[in-house]
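With mmCIF, C-alpha atoms inside, this is structure_19.cif:
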```cif
data_structure
loop_
_atom_site.group_PDB
_atom_site.id
_atom_site.type_symbol
_atom_site.label_atom_id
_atom_site.label_comp_id
_atom_site.auth_asym_id
_atom_site.auth_seq_id
_atom_site.Cartn_x
_atom_site.Cartn_y
_atom_site.Cartn_z
ATOM 1 C CA MET A 84 -2.855 -27.497 1.429
ATOM 2 C CA ALA A 85 -1.105 -24.405 0.060
ATOM 3 C CA SER A 86 -1.405 -21.023 1.755
ATOM 4 C CA VAL A 87 -3.371 -18.037 0.468
ATOM 5 C CA ALA A 88 -2.087 -14.470 0.872
ATOM 6 C CA TRP A 89 -4.238 -11.347 0.666
ATOM 7 C CA ILE A 90 -2.444 -8.171 -0.374
ATOM 8 C CA PHE A 91 -3.725 -4.611 -0.300
ATOM 9 C CA PRO A 92 -2.844 -1.662 -2.583
ATOM 10 C CA GLY A 93 -1.436 1.726 -1.657
ATOM 11 C CA GLN A 94 -1.918 5.309 -2.723
ATOM 12 C CA GLY A 95 -2.177 5.850 -6.458
ATOM 13 C CA SER A 96 -4.753 3.127 -7.008
ATOM 14 C CA GLN A 97 -7.684 5.457 -6.295
ATOM 15 C CA TYR A 98 -10.223 6.526 -8.914
ATOM 16 C CA PRO A 99 -13.784 7.909 -8.726
ATOM 17 C CA GLY A 100 -16.296 5.070 -8.745
ATOM 18 C CA MET A 101 -14.016 2.492 -7.157
ATOM 19 C CA GLY A 102 -16.026 0.120 -5.003
ATOM 20 C CA LYS A 103 -19.391 1.353 -6.315
ATOM 21 C CA GLN A 104 -20.471 -2.065 -7.566
ATOM 22 C CA LEU A 105 -19.572 -3.584 -4.209
ATOM 23 C CA TYR A 106 -21.529 -0.854 -2.439
ATOM 24 C CA ASP A 107 -24.545 -1.453 -4.675
ATOM 25 C CA ASN A 108 -24.512 -5.262 -4.480
ATOM 26 C CA TYR A 109 -23.285 -6.274 -1.024
ATOM 27 C CA PRO A 110 -24.742 -4.995 2.271
ATOM 28 C CA VAL A 111 -21.533 -6.004 4.053
ATOM 29 C CA ALA A 112 -19.580 -3.654 1.771
ATOM 30 C CA ARG A 113 -22.106 -0.847 2.180
ATOM 31 C CA GLU A 114 -21.684 -1.154 5.941
ATOM 32 C CA VAL A 115 -17.954 -0.498 5.577
ATOM 33 C CA PHE A 116 -18.593 2.708 3.609
ATOM 34 C CA ASP A 117 -21.223 3.874 6.109
ATOM 35 C CA THR A 118 -18.982 3.144 9.092
ATOM 36 C CA ALA A 119 -16.187 5.202 7.557
ATOM 37 C CA ASP A 120 -18.510 8.173 7.048
ATOM 38 C CA GLN A 121 -19.570 7.991 10.690
ATOM 39 C CA ALA A 122 -15.999 7.694 11.953
ATOM 40 C CA LEU A 123 -14.773 10.676 9.911
ATOM 41 C CA GLY A 124 -17.849 12.832 10.295
ATOM 42 C CA PHE A 125 -18.233 13.573 6.591
ATOM 43 C CA GLY A 126 -19.330 11.814 3.407
ATOM 44 C CA LEU A 127 -16.162 10.088 2.255
ATOM 45 C CA SER A 128 -18.388 7.543 0.474
ATOM 46 C CA GLU A 129 -19.779 10.254 -1.790
ATOM 47 C CA LEU A 130 -16.258 11.328 -2.714
ATOM 48 C CA ILE A 131 -15.159 7.733 -3.379
ATOM 49 C CA ILE A 132 -18.084 6.915 -5.622
ATOM 50 C CA HIS A 133 -18.660 10.224 -7.401
ATOM 51 C CA GLY A 134 -15.418 12.202 -7.086
ATOM 52 C CA PRO A 135 -14.305 14.701 -8.252
ATOM 53 C CA ALA A 136 -10.956 13.108 -9.030
ATOM 54 C CA GLU A 137 -8.906 16.137 -7.979
ATOM 55 C CA GLN A 138 -10.396 15.956 -4.469
ATOM 56 C CA LEU A 139 -10.130 12.182 -4.215
ATOM 57 C CA THR A 140 -6.453 12.337 -5.220
ATOM 58 C CA LEU A 141 -5.522 14.595 -2.291
ATOM 59 C CA THR A 142 -3.386 12.505 0.049
ATOM 60 C CA HIS A 143 -5.615 12.934 3.118
ATOM 61 C CA ASN A 144 -8.635 11.770 1.086
ATOM 62 C CA ALA A 145 -6.981 9.082 -1.043
ATOM 63 C CA GLN A 146 -5.501 7.187 1.885
ATOM 64 C CA PRO A 147 -8.715 6.543 3.855
ATOM 65 C CA ALA A 148 -10.651 6.076 0.594
ATOM 66 C CA ILE A 149 -8.413 3.235 -0.578
ATOM 67 C CA LEU A 150 -8.580 1.690 2.879
ATOM 68 C CA VAL A 151 -12.399 1.747 2.746
ATOM 69 C CA VAL A 152 -12.581 0.029 -0.638
ATOM 70 C CA SER A 153 -9.942 -2.529 0.335
ATOM 71 C CA ILE A 154 -11.762 -3.475 3.533
ATOM 72 C CA ALA A 155 -15.079 -3.605 1.668
ATOM 73 C CA CYS A 156 -13.442 -6.112 -0.700
ATOM 74 C CA ALA A 157 -12.135 -8.135 2.227
ATOM 75 C CA ARG A 158 -15.517 -8.227 3.961
ATOM 76 C CA VAL A 159 -17.191 -9.500 0.779
ATOM 77 C CA LEU A 160 -14.603 -12.263 0.494
ATOM 78 C CA GLU A 161 -15.067 -13.141 4.154
ATOM 79 C CA SER A 162 -18.829 -13.304 3.670
ATOM 80 C CA HIS A 163 -18.166 -16.084 1.151
ATOM 81 C CA GLY A 164 -16.236 -18.086 3.712
ATOM 82 C CA LEU A 165 -12.738 -17.040 2.636
ATOM 83 C CA ARG A 166 -9.912 -16.082 4.986
ATOM 84 C CA PRO A 167 -6.235 -15.418 4.301
ATOM 85 C CA ASP A 168 -3.383 -17.404 5.781
ATOM 86 C CA MET A 169 -1.153 -14.334 5.646
ATOM 87 C CA VAL A 170 -1.485 -10.660 4.674
ATOM 88 C CA ALA A 171 0.559 -7.676 3.523
ATOM 89 C CA GLY A 172 -0.156 -4.215 2.198
ATOM 90 C CA PHE A 173 1.786 -1.750 0.083
ATOM 91 C CA SER A 174 2.544 1.363 2.182
ATOM 92 C CA LEU A 175 -0.944 2.631 3.076
ATOM 93 C CA GLY A 176 -2.194 -0.909 2.340
ATOM 94 C CA GLU A 177 -0.444 -2.152 5.475
ATOM 95 C CA TYR A 178 -3.301 -0.591 7.458
ATOM 96 C CA SER A 179 -5.795 -2.669 5.482
ATOM 97 C CA ALA A 180 -3.717 -5.775 6.205
ATOM 98 C CA LEU A 181 -3.721 -4.997 9.926
ATOM 99 C CA VAL A 182 -7.499 -4.521 9.957
ATOM 100 C CA VAL A 183 -8.043 -7.893 8.277
ATOM 101 C CA ALA A 184 -5.572 -9.479 10.720
ATOM 102 C CA GLY A 185 -7.589 -8.080 13.634
ATOM 103 C CA SER A 186 -4.804 -5.824 14.919
ATOM 104 C CA LEU A 187 -6.558 -2.541 14.168
ATOM 105 C CA ALA A 188 -10.231 -1.652 14.468
ATOM 106 C CA PHE A 189 -11.514 -0.409 11.132
ATOM 107 C CA GLU A 190 -12.738 2.874 12.611
ATOM 108 C CA ASP A 191 -9.301 3.549 14.110
ATOM 109 C CA ALA A 192 -7.599 2.706 10.809
ATOM 110 C CA VAL A 193 -9.830 5.170 8.939
ATOM 111 C CA MET A 194 -8.907 7.946 11.342
ATOM 112 C CA LEU A 195 -5.215 7.043 11.290
ATOM 113 C CA THR A 196 -4.972 7.000 7.501
ATOM 114 C CA ARG A 197 -6.773 10.323 7.259
ATOM 115 C CA ARG A 198 -4.301 11.880 9.713
ATOM 116 C CA ARG A 199 -1.349 10.088 8.113
ATOM 117 C CA GLY A 200 -2.272 11.667 4.796
ATOM 118 C CA LEU A 201 -2.486 15.130 6.344
ATOM 119 C CA TYR A 202 0.822 14.713 8.168
ATOM 120 C CA MET A 203 2.607 13.514 5.049
ATOM 121 C CA GLN A 204 1.230 16.386 3.001
ATOM 122 C CA GLU A 205 2.297 18.932 5.625
ATOM 123 C CA ALA A 206 5.786 17.474 6.122
ATOM 124 C CA CYS A 207 7.281 18.883 2.928
ATOM 125 C CA PRO A 208 6.379 22.170 1.187
ATOM 126 C CA PRO A 209 4.891 21.833 -2.328
ATOM 127 C CA GLY A 210 7.579 21.629 -4.986
ATOM 128 C CA LYS A 211 10.413 20.763 -2.603
ATOM 129 C CA GLY A 212 10.159 17.009 -3.114
ATOM 130 C CA SER A 213 9.297 14.562 -5.872
ATOM 131 C CA MET A 214 9.347 10.869 -6.814
ATOM 132 C CA ALA A 215 10.189 8.925 -9.968
ATOM 133 C CA ALA A 216 9.986 5.323 -11.136
ATOM 134 C CA ILE A 217 13.282 3.929 -12.421
ATOM 135 C CA MET A 218 13.336 1.007 -14.849
ATOM 136 C CA GLY A 219 16.196 -0.864 -16.443
ATOM 137 C CA MET A 220 18.910 -0.137 -13.889
ATOM 138 C CA PRO A 221 20.319 -2.713 -11.434
ATOM 139 C CA CYS A 222 19.512 -2.041 -7.795
ATOM 140 C CA ALA A 223 23.115 -1.627 -6.638
ATOM 141 C CA GLU A 224 23.913 0.776 -9.478
ATOM 142 C CA LEU A 225 20.852 2.898 -8.717
ATOM 143 C CA GLU A 226 21.640 3.035 -5.019
ATOM 144 C CA ALA A 227 25.207 4.117 -5.811
ATOM 145 C CA LEU A 228 23.841 6.804 -8.116
ATOM 146 C CA CYS A 229 21.498 8.082 -5.406
ATOM 147 C CA PHE A 230 24.428 8.264 -2.986
ATOM 148 C CA ALA A 231 26.530 10.175 -5.512
ATOM 149 C CA SER A 232 23.610 12.540 -6.205
ATOM 150 C CA SER A 233 23.124 13.374 -2.529
ATOM 151 C CA LYS A 234 25.273 16.485 -3.051
ATOM 152 C CA HIS A 235 22.192 17.890 -4.808
ATOM 153 C CA GLY A 236 19.892 17.029 -1.893
ATOM 154 C CA VAL A 237 18.106 14.067 -0.350
ATOM 155 C CA VAL A 238 17.390 11.178 -2.748
ATOM 156 C CA THR A 239 16.934 7.502 -1.855
ATOM 157 C CA GLY A 240 15.149 4.359 -2.939
ATOM 158 C CA ALA A 241 11.539 4.535 -1.757
ATOM 159 C CA ASN A 242 9.711 1.525 -3.256
ATOM 160 C CA TYR A 243 11.469 -1.697 -4.211
ATOM 161 C CA ASN A 244 8.544 -2.998 -6.220
ATOM 162 C CA CYS A 245 9.762 -5.872 -8.394
ATOM 163 C CA PRO A 246 12.711 -6.860 -10.575
ATOM 164 C CA GLY A 247 13.562 -3.940 -12.820
ATOM 165 C CA GLN A 248 11.446 -1.295 -11.045
ATOM 166 C CA ILE A 249 12.477 0.897 -8.144
ATOM 167 C CA VAL A 250 10.884 4.202 -7.152
ATOM 168 C CA ILE A 251 13.126 6.962 -5.809
ATOM 169 C CA SER A 252 12.100 9.824 -3.555
ATOM 170 C CA GLY A 253 13.646 13.017 -2.231
ATOM 171 C CA GLU A 254 14.318 16.658 -2.953
ATOM 172 C CA THR A 255 13.310 17.688 -6.459
ATOM 173 C CA LYS A 256 16.759 18.771 -7.664
ATOM 174 C CA ALA A 257 18.404 15.536 -6.535
ATOM 175 C CA VAL A 258 15.648 13.332 -7.982
ATOM 176 C CA ALA A 259 15.936 15.172 -11.308
ATOM 177 C CA HIS A 260 19.695 14.612 -11.353
ATOM 178 C CA VAL A 261 19.246 10.873 -10.803
ATOM 179 C CA CYS A 262 16.608 10.690 -13.546
ATOM 180 C CA LYS A 263 18.845 12.510 -16.017
ATOM 181 C CA THR A 264 21.773 10.186 -15.291
ATOM 182 C CA VAL A 265 19.591 7.066 -15.536
ATOM 183 C CA GLN A 266 18.427 8.113 -18.988
ATOM 184 C CA GLU A 267 21.995 8.869 -20.080
ATOM 185 C CA ARG A 268 22.914 5.305 -19.075
ATOM 186 C CA GLY A 269 20.091 3.765 -21.101
ATOM 187 C CA GLY A 270 17.497 3.305 -18.359
ATOM 188 C CA ARG A 271 14.031 4.824 -18.043
ATOM 189 C CA ALA A 272 12.923 7.406 -15.505
ATOM 190 C CA ILE A 273 9.263 8.341 -15.188
ATOM 191 C CA PRO A 274 8.227 11.167 -12.836
ATOM 192 C CA ILE A 275 5.372 10.207 -10.526
ATOM 193 C CA PRO A 276 2.713 12.891 -9.954
ATOM 194 C CA VAL A 277 2.599 12.920 -6.143
ATOM 195 C CA SER A 278 2.050 15.726 -3.697
ATOM 196 C CA ALA A 279 4.967 14.813 -1.427
ATOM 197 C CA PRO A 280 8.175 12.713 -1.475
ATOM 198 C CA PHE A 281 6.986 9.648 0.429
ATOM 199 C CA HIS A 282 9.184 7.066 2.162
ATOM 200 C CA CYS A 283 12.265 9.202 2.696
ATOM 201 C CA VAL A 284 13.715 11.248 5.567
ATOM 202 C CA LEU A 285 11.794 14.346 4.446
ATOM 203 C CA MET A 286 8.735 12.667 5.978
ATOM 204 C CA GLU A 287 10.247 12.642 9.492
ATOM 205 C CA PRO A 288 7.806 15.303 10.840
ATOM 206 C CA ALA A 289 4.909 13.101 9.723
ATOM 207 C CA ALA A 290 6.403 10.047 11.422
ATOM 208 C CA LEU A 291 6.692 11.883 14.742
ATOM 209 C CA LYS A 292 3.063 13.017 14.633
ATOM 210 C CA LEU A 293 1.854 9.558 13.649
ATOM 211 C CA GLN A 294 3.763 8.008 16.542
ATOM 212 C CA ARG A 295 1.815 10.161 19.000
ATOM 213 C CA ASP A 296 -1.460 9.009 17.472
ATOM 214 C CA LEU A 297 -0.446 5.345 17.510
ATOM 215 C CA ASP A 298 0.425 5.595 21.198
ATOM 216 C CA THR A 299 -3.251 6.311 21.916
ATOM 217 C CA MET A 300 -4.662 3.500 19.737
ATOM 218 C CA ALA A 301 -5.748 0.048 20.856
ATOM 219 C CA ILE A 302 -3.680 -2.382 18.803
ATOM 220 C CA ARG A 303 -3.791 -6.164 19.167
ATOM 221 C CA PRO A 304 -1.467 -8.980 18.068
ATOM 222 C CA PRO A 305 -2.414 -10.209 14.558
ATOM 223 C CA SER A 306 -4.506 -13.343 14.056
ATOM 224 C CA VAL A 307 -2.547 -14.210 10.888
ATOM 225 C CA PRO A 308 1.028 -13.321 9.889
ATOM 226 C CA VAL A 309 1.443 -9.717 8.713
ATOM 227 C CA TYR A 310 4.463 -9.000 6.508
ATOM 228 C CA THR A 311 5.641 -5.423 6.917
ATOM 229 C CA ASN A 312 7.070 -2.961 4.428
ATOM 230 C CA VAL A 313 10.103 -1.958 6.477
ATOM 231 C CA THR A 314 11.687 -5.431 6.712
ATOM 232 C CA GLY A 315 9.608 -7.691 4.471
ATOM 233 C CA LYS A 316 9.235 -9.941 7.518
ATOM 234 C CA THR A 317 6.390 -10.608 9.939
ATOM 235 C CA VAL A 318 5.456 -8.684 13.062
ATOM 236 C CA SER A 319 3.797 -10.433 16.001
ATOM 237 C CA THR A 320 3.648 -8.000 18.916
ATOM 238 C CA VAL A 321 1.882 -4.685 19.469
ATOM 239 C CA ARG A 322 5.242 -2.949 19.944
ATOM 240 C CA GLU A 323 6.539 -4.308 16.637
ATOM 241 C CA ILE A 324 3.407 -3.193 14.799
ATOM 242 C CA LYS A 325 3.619 0.365 16.118
ATOM 243 C CA GLN A 326 7.319 0.594 15.331
ATOM 244 C CA ALA A 327 6.778 -0.709 11.807
ATOM 245 C CA LEU A 328 4.005 1.806 11.079
ATOM 246 C CA VAL A 329 6.119 4.716 12.287
ATOM 247 C CA ARG A 330 9.283 3.583 10.465
ATOM 248 C CA GLN A 331 7.277 2.946 7.310
ATOM 249 C CA VAL A 332 6.699 6.691 6.781
ATOM 250 C CA THR A 333 10.406 7.424 6.262
ATOM 251 C CA SER A 334 11.679 3.974 5.192
ATOM 252 C CA PRO A 335 11.535 2.288 1.779
ATOM 253 C CA VAL A 336 8.784 -0.196 0.951
ATOM 254 C CA LEU A 337 10.509 -3.575 0.539
ATOM 255 C CA TRP A 338 7.640 -5.052 -1.431
ATOM 256 C CA GLN A 339 9.625 -7.555 -3.460
ATOM 257 C CA VAL A 340 11.255 -8.901 -0.287
ATOM 258 C CA ALA A 341 7.871 -9.248 1.441
ATOM 259 C CA VAL A 342 6.328 -11.157 -1.468
ATOM 260 C CA GLU A 343 9.351 -13.426 -1.764
ATOM 261 C CA ASN A 344 9.184 -14.178 1.958
ATOM 262 C CA MET A 345 5.476 -14.985 1.740
ATOM 263 C CA ILE A 346 6.168 -17.398 -1.105
ATOM 264 C CA SER A 347 8.978 -19.005 0.895
ATOM 265 C CA ASP A 348 6.509 -19.441 3.752
ATOM 266 C CA GLY A 349 4.089 -21.344 1.523
ATOM 267 C CA ALA A 350 1.905 -18.813 -0.302
ATOM 268 C CA SER A 351 0.851 -20.162 -3.701
ATOM 269 C CA LEU A 352 -2.074 -17.789 -4.324
ATOM 270 C CA PHE A 353 -2.135 -14.021 -3.864
ATOM 271 C CA VAL A 354 -5.392 -12.048 -3.925
ATOM 272 C CA GLU A 355 -5.110 -8.285 -4.421
ATOM 273 C CA ALA A 356 -8.141 -6.920 -2.568
ATOM 274 C CA GLY A 357 -8.916 -3.319 -3.428
ATOM 275 C CA PRO A 358 -8.885 -0.898 -6.357
ATOM 276 C CA GLY A 359 -6.551 -1.535 -9.267
ATOM 277 C CA LYS A 360 -4.250 -4.410 -10.127
ATOM 278 C CA THR A 361 -0.778 -2.941 -9.656
ATOM 279 C CA LEU A 362 0.295 -5.488 -7.056
ATOM 280 C CA CYS A 363 -0.713 -8.365 -9.322
ATOM 281 C CA GLY A 364 1.573 -6.910 -11.973
ATOM 282 C CA PHE A 365 4.469 -6.626 -9.524
ATOM 283 C CA GLY A 366 3.843 -10.151 -8.280
ATOM 284 C CA ARG A 367 3.964 -11.768 -11.704
ATOM 285 C CA ARG A 368 7.344 -10.132 -12.290
ATOM 286 C CA ILE A 369 8.603 -11.255 -8.887
ATOM 287 C CA ASN A 370 7.609 -14.873 -9.459
ATOM 288 C CA PRO A 371 5.809 -15.833 -12.700
ATOM 289 C CA GLY A 372 5.084 -19.307 -11.314
ATOM 290 C CA ILE A 373 2.755 -18.028 -8.571
ATOM 291 C CA ARG A 374 -0.883 -17.162 -9.215
ATOM 292 C CA PHE A 375 -2.016 -13.588 -8.584
ATOM 293 C CA VAL A 376 -5.683 -12.602 -8.896
ATOM 294 C CA ARG A 377 -7.528 -9.403 -8.122
ATOM 295 C CA PHE A 378 -10.798 -8.683 -6.356
ATOM 296 C CA GLY A 379 -12.258 -5.232 -6.749
ATOM 297 C CA ALA A 380 -15.712 -5.795 -8.247
ATOM 298 C CA PRO A 381 -18.440 -8.484 -8.322
ATOM 299 C CA GLU A 382 -17.287 -9.802 -11.709
ATOM 300 C CA ASP A 383 -13.956 -10.811 -10.121
ATOM 301 C CA LEU A 384 -15.567 -13.071 -7.530
ATOM 302 C CA ASP A 385 -15.849 -16.309 -9.517
ATOM 303 C CA ASP A 386 -12.183 -16.225 -10.443
ATOM 304 C CA VAL A 387 -11.195 -15.617 -6.822
ATOM 305 C CA LEU A 388 -13.416 -18.435 -5.535
ATOM 306 C CA ASP A 389 -12.093 -20.855 -8.152
ATOM 307 C CA SER A 390 -8.524 -19.876 -7.356
ATOM 308 C CA HIS A 391 -9.065 -20.537 -3.656
ATOM 309 C CA LYS A 392 -10.511 -23.966 -4.386
ATOM 310 C CA GLU A 393 -7.494 -24.840 -6.519
ATOM 311 C CA ALA A 394 -5.126 -23.655 -3.800
ATOM 312 C CA TRP A 395 -6.923 -25.701 -1.140
ATOM 313 C CA LEU A 396 -6.569 -28.834 -3.284
ATOM 314 C CA GLU A 397 -2.817 -28.450 -3.719
#
```

Turn this file's structure into structure tokens for me.
Amino acid sequence: MASVAWIFPGQGSQYPGMGKQLYDNYPVAREVFDTADQALGFGLSELIIHGPAEQLTLTHNAQPAILVVSIACARVLESHGLRPDMVAGFSLGEYSALVVAGSLAFEDAVMLTRRRGLYMQEACPPGKGSMAAIMGMPCAELEALCFASSKHGVVTGANYNCPGQIVISGETKAVAHVCKTVQERGGRAIPIPVSAPFHCVLMEPAALKLQRDLDTMAIRPPSVPVYTNVTGKTVSTVREIKQALVRQVTSPVLWQVAVENMISDGASLFVEAGPGKTLCGFGRRINPGIRFVRFGAPEDLDDVLDSHKEAWLE
């Protein structure tokens, strides 16, 4: 029998109304929303379902909001008898993966992602940092360009998403220089509208604050393999989990490596549980021969159930 991987999206996948159909149709999903409101002490559910978008997009709101919808998706799948053989999450999504793996209590994850968002927003003054997606440039050439552009400020690879797409992050002047050079060499550079330059050394103050919070949290070894962003490999101990979550704030997301390792370890079906379908798109570019399906609304359920049955028969 082939293995099934559940993967969870990161920041940027949020939109007003995400998860509303789950909330309306599944009590187990509604319980997740209600629990989050109680843990945070305010109506995050109202913001998720009704917006406004400008408030939902704020980092300290978007991060726990995406977590809530992702876990609501997972609980619906679990209520239909499904369980993953392995899990991973993109940046923020790693918290969702750890909740599903039993390493983090959901209430603790909601609080952590809320604080993580605040810390990341506070780490770099507005306008000092930026991010951009780079397409059509080989990885080694882009990394060399970032190194050469460091005379203009901090700039490094932040998200290694899939073949042909790498996101860079750093100080605005240096990122702009890289983008200009990429375009001169025939590649594409698309600025990403973010409030802070994530996954680079400018986020060090956020990492230090998050480490203090993690030291007070009850974390357990995972019940299924969790593939982390910082190495693309699994973590199995509480110490490794805490270290990975702290390092993740300033380190690049090695998403392509993680997916490739999951495939090497037997995954033949990936289910993106949460808002959007970005990770499915990355996955099909990483390995077109592997099936990627999404689950974010009731109309997705039949496809997910059928895909699981096919995987179990392999």

| field | For Ser319 of chain A: contacts at 10 Å, all atoms listed in the file, fewer than 2 positions along chain excluded, given as a list in words | value |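 Those residues are Ser186, Arg303, Pro304, Pro305, Ser306, Val307, Pro308, Val309, Tyr310, Thr317, Val321, Arg322, Glu323 and Ile324 of chain A.
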
| task | For the structure provided, state which residues fall under the PyMOL selection byres ((chain A and resi 123) around 12), and present them as a list in words. | result |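 For this structure, the PyMOL selection byres ((chain A and resi 123) around 12) resolves to Phe116, Asp117, Thr118, Ala119, Asp120, Gln121, Ala122, Gly124, Phe125, Gly126, Leu127, Ser128, His143, Asn144, Pro147, Ala148, Val151, Phe189, Glu190, Asp191, Ala192, Val193, Met194, Leu195, Thr196, Arg197 and Arg198 of chain A.
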
| Neighbours of Met345 of chain A within 10 Å (all atoms listed in the file; same-chain residues fewer than 2 positions away dropped), as a VMD selection string? | chain A and resid 86 to 88 169 to 171 308 to 310 315 to 317 339 to 343 347 to 351 353

| said: I'd like the interatomic distance between atom CA of Val265 of chain A and atom CA of Pro208 of chain A, to a tenth of an Å. | reply: 26.1 Å

| query | How many Å lie between atom CA of Val237 of chain A and atom CA of Cys222 of chain A, rounded to one decimal? | reply |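 Taking atom CA of Val237 of chain A as the start and atom CA of Cys222 of chain A as the end point, the length is 17.8 Å.
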
| said: To one decimal place in Å, what is the distance between atom CA of Ala157 of chain A and atom CA of Ala216 of chain A? | reply: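 Atom CA of Ala216 of chain A lies 29.1 Å from atom CA of Ala157 of chain A.
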
| task | Between A:Leu150, A:Glu226, A:Val182, A:Pro280, single out the one closest to Ser213 of chain A, counting all atoms listed in the file. | result |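 Residue with the minimum atom-to-atom distance to Ser213 of chain A: A:Pro280.
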
| said: Give me the residues near Glu382 of chain A as a ChimeraX atom specification, where near means some atom within 12 Å (using all atoms listed in the file) and where sequence neighbours in that chain fewer than 6 positions away do not count. | reply: /A:104-105,108,388

| task | Point out the residue among A:Lys211, A:Arg199, A:Lys360, A:Lys325 with the least atom-to-atom distance to Ala289 of chain A, counting only C-alpha atoms. | result | A:Arg199

Set the distance at 6 Å and use all atoms listed in the file: which residues neighbour Asn242 of chain A once local chain neighbours fewer than 2 positions away are removed? I'd like the list as a compact mmCIF listing (two decimals) with C-alpha atoms, keeping the file's coordinate frame.
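Written file, selection03.txt:
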```txt
# COMPACT_ATOMS: atom_id res chain seq x y z
CA ASN A 244 8.54 -3.00 -6.22
CA ILE A 249 12.48 0.90 -8.14
CA VAL A 250 10.88 4.20 -7.15
CA PRO A 335 11.54 2.29 1.78
CA VAL A 336 8.78 -0.20 0.95
```

| message | Which residues would end up in the selection if the PyMOL selection byres ((chain A and resi 367-374) around 7) were applied here, given that I need the answer as a list in words? | response |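 Those residues are Cys245, Pro246, Gln339, Ser351, Leu352, Phe353, Cys363, Gly364, Phe365, Gly366, Phe375 and Val376 of chain A.
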
| request: Could you pull out every residue with an atom within 6 Å of (3.8, -5.1, 4.2), file coordinates, counting only C-alpha atoms, and send them as a list in words? | output: Ala171, Gly172, Phe173, Glu177, Tyr310, Thr311 and Asn312 of chain A

| message | Every residue with an atom at most 9 Å from (15.2, 16.6, -7.0) (file coordinates; only C-alpha atoms) is what I'm after, so could you write them as a PyMOL selection string? | response | chain A and resi 211-214+235-238+252-262

| query | Smallest atom-to-atom distance to Val284 of chain A: which of A:Met220, A:Ala394, A:Leu139, A:Cys207, using all atoms listed in the file? | reply | A:Cys207

| remark: From the list A:Ile90, A:Met300, A:Cys283, A:Met218, the nearest residue to Gly247 of chain A using only C-alpha atoms is A:Met218

| field | Spatial neighbours of Ile149 of chain A, 8 Å, all atoms listed in the file, chain gap at least 4 places, as a PyMOL selection string | value | chain A and resi 92-94+96-97+145+153+357-358

| Of the candidates A:Ile302, A:Glu137, A:Leu160, A:Thr239, which one gets nearest to Thr320 of chain A if we count all atoms listed in the file? |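 With all atoms listed in the file as the atom set, the closest residue is A:Ile302.
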
Around all of segment 348-351 of chain A's listed atoms, make the axis-aligned box with 3 Å on each side and tell me centre and edge lengths in Å to one decimal, as JSON.
```
{"center_x": 3.7, "center_y": -20.1, "center_z": 0.0, "size_x": 11.7, "size_y": 8.5, "size_z": 13.5}
```

Just add N, CA and C atoms to segment 178-190 of chain A and send it as a short mmCIF file (atom, residue, chain, number, x, y, z; two decimals), in the coordinates of the input.
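After the write, result01.cif holds the following:
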```cif
data_model
loop_
_atom_site.label_atom_id
_atom_site.label_comp_id
_atom_site.auth_asym_id
_atom_site.auth_seq_id
_atom_site.Cartn_x
_atom_site.Cartn_y
_atom_site.Cartn_z
N TYR A 178 -2.20 -0.82 6.52
CA TYR A 178 -3.30 -0.59 7.46
C TYR A 178 -4.47 -1.52 7.14
N SER A 179 -4.75 -1.72 5.87
CA SER A 179 -5.80 -2.67 5.48
C SER A 179 -5.43 -4.07 5.95
N ALA A 180 -4.17 -4.45 5.78
CA ALA A 180 -3.72 -5.78 6.20
C ALA A 180 -3.90 -5.95 7.70
N LEU A 181 -3.60 -4.91 8.47
CA LEU A 181 -3.72 -5.00 9.93
C LEU A 181 -5.18 -5.06 10.37
N VAL A 182 -6.07 -4.41 9.64
CA VAL A 182 -7.50 -4.52 9.96
C VAL A 182 -7.97 -5.95 9.72
N VAL A 183 -7.62 -6.53 8.59
CA VAL A 183 -8.04 -7.89 8.28
C VAL A 183 -7.44 -8.89 9.26
N ALA A 184 -6.22 -8.60 9.74
CA ALA A 184 -5.57 -9.48 10.72
C ALA A 184 -6.09 -9.28 12.13
N GLY A 185 -7.01 -8.30 12.32
CA GLY A 185 -7.59 -8.08 13.63
C GLY A 185 -6.75 -7.24 14.56
N SER A 186 -5.68 -6.64 14.07
CA SER A 186 -4.80 -5.82 14.92
C SER A 186 -5.33 -4.41 15.12
N LEU A 187 -6.00 -3.89 14.12
CA LEU A 187 -6.56 -2.54 14.17
C LEU A 187 -8.07 -2.58 13.94
N ALA A 188 -8.81 -1.84 14.75
CA ALA A 188 -10.23 -1.65 14.47
C ALA A 188 -10.37 -0.82 13.20
N PHE A 189 -11.35 -1.13 12.38
CA PHE A 189 -11.51 -0.41 11.13
C PHE A 189 -11.69 1.09 11.37
N GLU A 190 -12.50 1.46 12.34
CA GLU A 190 -12.74 2.87 12.61
C GLU A 190 -11.43 3.59 12.96
#
```
